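Novice: So I've got this file, my_file_10.cif, and it contains mmCIF, C-alpha atoms:
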data_data
#
loop_
_atom_site.label_atom_id
_atom_site.label_comp_id
_atom_site.auth_asym_id
_atom_site.auth_seq_id
_atom_site.Cartn_x
_atom_site.Cartn_y
_atom_site.Cartn_z
CA MET A 9 0.00 0.00 0.00
CA ARG A 10 2.72 2.45 0.94
CA ALA A 11 4.13 2.48 -2.60
CA SER A 12 0.96 4.07 -4.00
CA LEU A 13 1.43 7.23 -1.91
CA ASP A 14 3.92 9.94 -2.74
CA ARG A 15 5.55 12.54 -0.49
CA ILE A 16 2.65 14.97 -1.02
CA ASP A 17 0.11 12.34 0.08
CA PHE A 18 2.16 11.60 3.20
CA LYS A 19 2.46 15.29 4.01
CA MET A 20 -1.30 15.69 3.58
CA LEU A 21 -1.91 12.75 5.91
CA ARG A 22 0.41 14.18 8.56
CA LEU A 23 -1.18 17.63 8.33
CA LEU A 24 -4.73 16.29 8.49
CA GLN A 25 -3.83 13.98 11.34
CA ASP A 26 -2.57 17.01 13.26
CA ASN A 27 -5.54 19.22 12.34
CA GLY A 28 -8.60 17.64 10.75
CA ARG A 29 -10.24 21.08 10.46
CA LEU A 30 -7.85 22.36 7.80
CA THR A 31 -9.77 23.74 4.86
CA ASN A 32 -8.98 22.40 1.42
CA ALA A 33 -7.40 25.76 0.54
CA GLU A 34 -5.16 25.71 3.63
CA LEU A 35 -4.13 22.13 2.97
CA ALA A 36 -3.43 22.85 -0.70
CA GLN A 37 -1.27 25.83 0.23
CA SER A 38 0.66 23.76 2.80
CA VAL A 39 1.51 21.02 0.31
CA VAL A 40 1.94 23.42 -2.63
CA VAL A 41 -0.70 22.05 -5.00
CA SER A 42 -3.83 23.61 -6.47
CA PRO A 43 -7.06 23.36 -4.45
CA ALA A 44 -8.59 21.11 -7.14
CA THR A 45 -5.61 18.73 -7.02
CA CYS A 46 -5.70 18.78 -3.23
CA HIS A 47 -9.39 17.92 -3.20
CA ARG A 48 -8.87 14.99 -5.59
CA ARG A 49 -5.96 13.69 -3.52
CA THR A 50 -7.88 14.03 -0.26
CA GLN A 51 -10.87 12.24 -1.75
CA ARG A 52 -8.57 9.43 -2.94
CA LEU A 53 -7.13 9.10 0.58
CA PHE A 54 -10.67 8.57 1.87
CA ASP A 55 -11.75 6.32 -1.01
CA GLU A 56 -8.70 4.06 -0.63
CA GLY A 57 -9.10 3.82 3.15
CA TYR A 58 -6.02 5.78 4.23
CA ILE A 59 -8.35 8.10 6.13
CA SER A 60 -11.26 6.26 7.68
CA HIS A 61 -13.11 9.23 9.21
CA VAL A 62 -12.71 12.68 10.73
CA ARG A 63 -14.09 13.64 14.12
CA ALA A 64 -13.65 16.07 16.99
CA VAL A 65 -11.73 14.93 20.06
CA VAL A 66 -13.88 15.85 23.05
CA THR A 67 -12.14 16.66 26.34
CA PRO A 68 -13.40 13.88 28.67
CA GLN A 69 -13.37 16.03 31.82
CA LYS A 70 -15.69 18.59 30.17
CA VAL A 71 -18.40 15.94 29.70
CA ASP A 72 -18.01 14.16 33.05
CA ARG A 73 -15.88 11.28 31.73
CA GLY A 74 -12.60 12.17 33.44
CA ALA A 75 -11.80 8.73 34.84
CA LEU A 76 -10.02 6.36 32.47
CA VAL A 77 -10.21 2.66 33.25
CA MET A 78 -8.48 -0.24 31.54
CA VAL A 79 -10.02 -3.67 32.08
CA GLY A 80 -8.36 -6.98 31.32
CA VAL A 81 -10.90 -9.69 30.49
CA VAL A 82 -10.43 -13.46 30.59
CA LEU A 83 -13.09 -15.60 28.91
CA ASP A 84 -14.09 -19.02 30.16
CA ARG A 85 -13.41 -20.61 26.74
CA SER A 86 -10.94 -19.80 23.99
CA THR A 87 -13.02 -20.70 20.98
CA PRO A 88 -13.92 -18.67 17.90
CA GLU A 89 -17.58 -18.86 18.93
CA SER A 90 -16.98 -17.51 22.44
CA PHE A 91 -14.79 -14.71 21.06
CA ALA A 92 -17.45 -13.78 18.48
CA GLU A 93 -20.23 -13.79 21.08
CA PHE A 94 -18.19 -11.59 23.44
CA GLU A 95 -17.20 -9.18 20.66
CA LYS A 96 -20.78 -8.83 19.45
CA ALA A 97 -21.99 -8.02 22.97
CA VAL A 98 -19.15 -5.62 23.83
CA ALA A 99 -19.65 -3.65 20.59
CA LYS A 100 -23.13 -2.67 21.82
CA LEU A 101 -21.83 -1.05 25.02
CA LYS A 102 -21.40 2.68 24.40
CA PHE A 103 -19.16 3.26 27.43
CA ILE A 104 -16.41 1.06 25.94
CA LEU A 105 -14.07 3.19 23.84
CA ASP A 106 -11.75 0.39 22.69
CA CYS A 107 -11.75 -3.39 22.81
CA HIS A 108 -8.65 -5.31 21.78
CA LEU A 109 -8.06 -9.05 21.50
CA VAL A 110 -4.61 -9.60 23.01
CA ALA A 111 -2.07 -12.35 23.63
CA GLY A 112 -0.88 -13.03 27.16
CA ASP A 113 -2.66 -13.30 30.50
CA PHE A 114 -5.88 -11.73 29.23
CA ASP A 115 -8.06 -12.35 26.21
CA TYR A 116 -9.17 -8.73 25.82
CA PHE A 117 -8.32 -5.26 27.04
CA LEU A 118 -11.13 -2.72 27.29
CA LYS A 119 -10.67 1.04 27.48
CA ILE A 120 -13.51 2.69 29.36
CA ARG A 121 -14.23 6.29 30.35
CA VAL A 122 -16.50 7.05 33.30
CA GLY A 123 -17.18 9.98 35.58
CA ASP A 124 -15.73 8.41 38.69
CA MET A 125 -15.12 5.15 40.55
CA ALA A 126 -18.78 4.87 41.56
CA ASP A 127 -19.81 5.02 37.88
CA PHE A 128 -17.37 2.25 37.07
CA ASN A 129 -18.53 0.15 40.02
CA ARG A 130 -22.11 0.35 38.75
CA ILE A 131 -21.12 -0.49 35.16
CA HIS A 132 -18.90 -3.34 36.31
CA GLY A 133 -21.60 -4.90 38.46
CA ASP A 134 -24.45 -4.39 36.00
CA GLN A 135 -22.87 -4.94 32.61
CA LEU A 136 -19.22 -5.98 32.40
CA ILE A 137 -19.37 -9.18 34.43
CA ALA A 138 -22.62 -10.06 32.66
CA LEU A 139 -20.94 -10.12 29.23
CA PRO A 140 -21.07 -13.57 27.63
CA GLY A 141 -18.24 -15.91 28.57
CA VAL A 142 -16.50 -13.62 31.06
CA ARG A 143 -14.65 -15.67 33.66
CA GLN A 144 -12.54 -12.91 35.19
CA THR A 145 -11.83 -9.21 34.94
CA ARG A 146 -8.94 -7.18 36.29
CA THR A 147 -9.37 -3.43 36.56
CA PHE A 148 -6.67 -0.78 36.22
CA PHE A 149 -7.57 2.82 37.10
CA VAL A 150 -5.33 5.18 35.14
CA MET A 151 -3.55 7.60 37.45
CA LYS A 152 -2.06 9.79 34.70
CA GLU A 153 -2.46 9.82 30.94
CA VAL A 154 1.07 10.28 29.64
CA VAL A 155 0.37 9.64 25.93
CA ASP A 156 -3.18 9.23 24.62
CA ASN A 157 -4.26 8.94 20.98
CA ALA A 158 -0.92 10.12 19.66
CA PRO A 159 -0.75 10.62 15.89
CA LEU A 160 0.71 7.78 13.85
CA ASP A 161 4.37 8.21 13.02
CA PHE A 162 5.07 7.55 9.33
#
Could you render the structure from this file as structure tokens?
Specialist:
Amino acid sequence: MRASLDRIDFKMLRLLQDNGRLTNAELAQSVVVSPATCHRRTQRLFDEGYISHVRAVVTPQKVDRGALVMVGVVLDRSTPESFAEFEKAVAKLKFILDCHLVAGDFDYFLKIRVGDMADFNRIHGDQLIALPGVRQTRTFFVMKEVVDNAPLDF
């Protein structure tokens, strides 16, 4: 895939990754191409899947989601069916920001944002342990976010 992009495409990706609100004119000026060329290139980056979507990054504390919690999940069975059932159920839970299948001591890691520990306690008791196939969870409350959603380095 990388071979189909040139230095201008990569510069556009880096600039848009840093500021998704750049206008087409601003982006074109930054990469030294015409606005029409810039628009075609940007559209191609979307069409070919290099850019999947653009969205605002909301400050969690401003919307009462200041507590970040990571949860390691162990399922009771390691079968494709149990993984699929768990993944289908977890995808419906709006409080889960990320869910990753991992190798090691856990089957999955979940990234969750809540208002406080009481919110998490309620969610854990009502919904997390009720997910299909969950044998065990281990919770990690994040004390400090050192790097979060850093831009890709390419």
Novice: What does the distance between atom CA of Asp55 of chain A and atom CA of Leu21 of chain A come to in Å, to one decimal place?
Specialist: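 Rounded to one decimal, the two atoms are 13.6 Å apart.
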Novice: Please measure the separation of atom CA of Gly57 of chain A and atom CA of Tyr116 of chain A, giving the value in Å to one decimal.
Specialist: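 The value is 25.9 Å.
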Novice: Take the PyMOL selection byres ((chain A and resi 43-51) around 10), apply it to the structure above, and return the hits as a list in words.
Specialist: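 In the shown coordinates, the PyMOL selection byres ((chain A and resi 43-51) around 10) covers Leu13, Ile16, Asp17, Met20, Leu21, Leu24, Thr31, Asn32, Ala33, Glu34, Leu35, Ala36, Gln37, Val39, Val40, Val41, Ser42, Arg52, Leu53, Phe54, Asp55, Glu56, Gly57, Tyr58 and Ile59 of chain A.
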Novice: Taking all atoms listed in the file into account, which of A:Val71, A:Ala99, A:Val65, A:Leu118 comes nearest Phe148 of chain A?
Specialist: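 Looking at the shortest contact to Phe148 of chain A, the residue is A:Leu118.
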Novice: Can you translate the PyMOL selection byres ((chain A and resi 145) around 7) into the concrete residues it hits in this file, as number ranges by chain?
Specialist: A: 79-82, 144, 146-147
Novice: Go ahead and find all residues with at least one atom no further than 8 Å from (-4.7, 7.8, 33.2) in the file's coordinates, using only C-alpha atoms; report them as an NGL selection string.
Specialist: :A and (75-77 or 149-154)
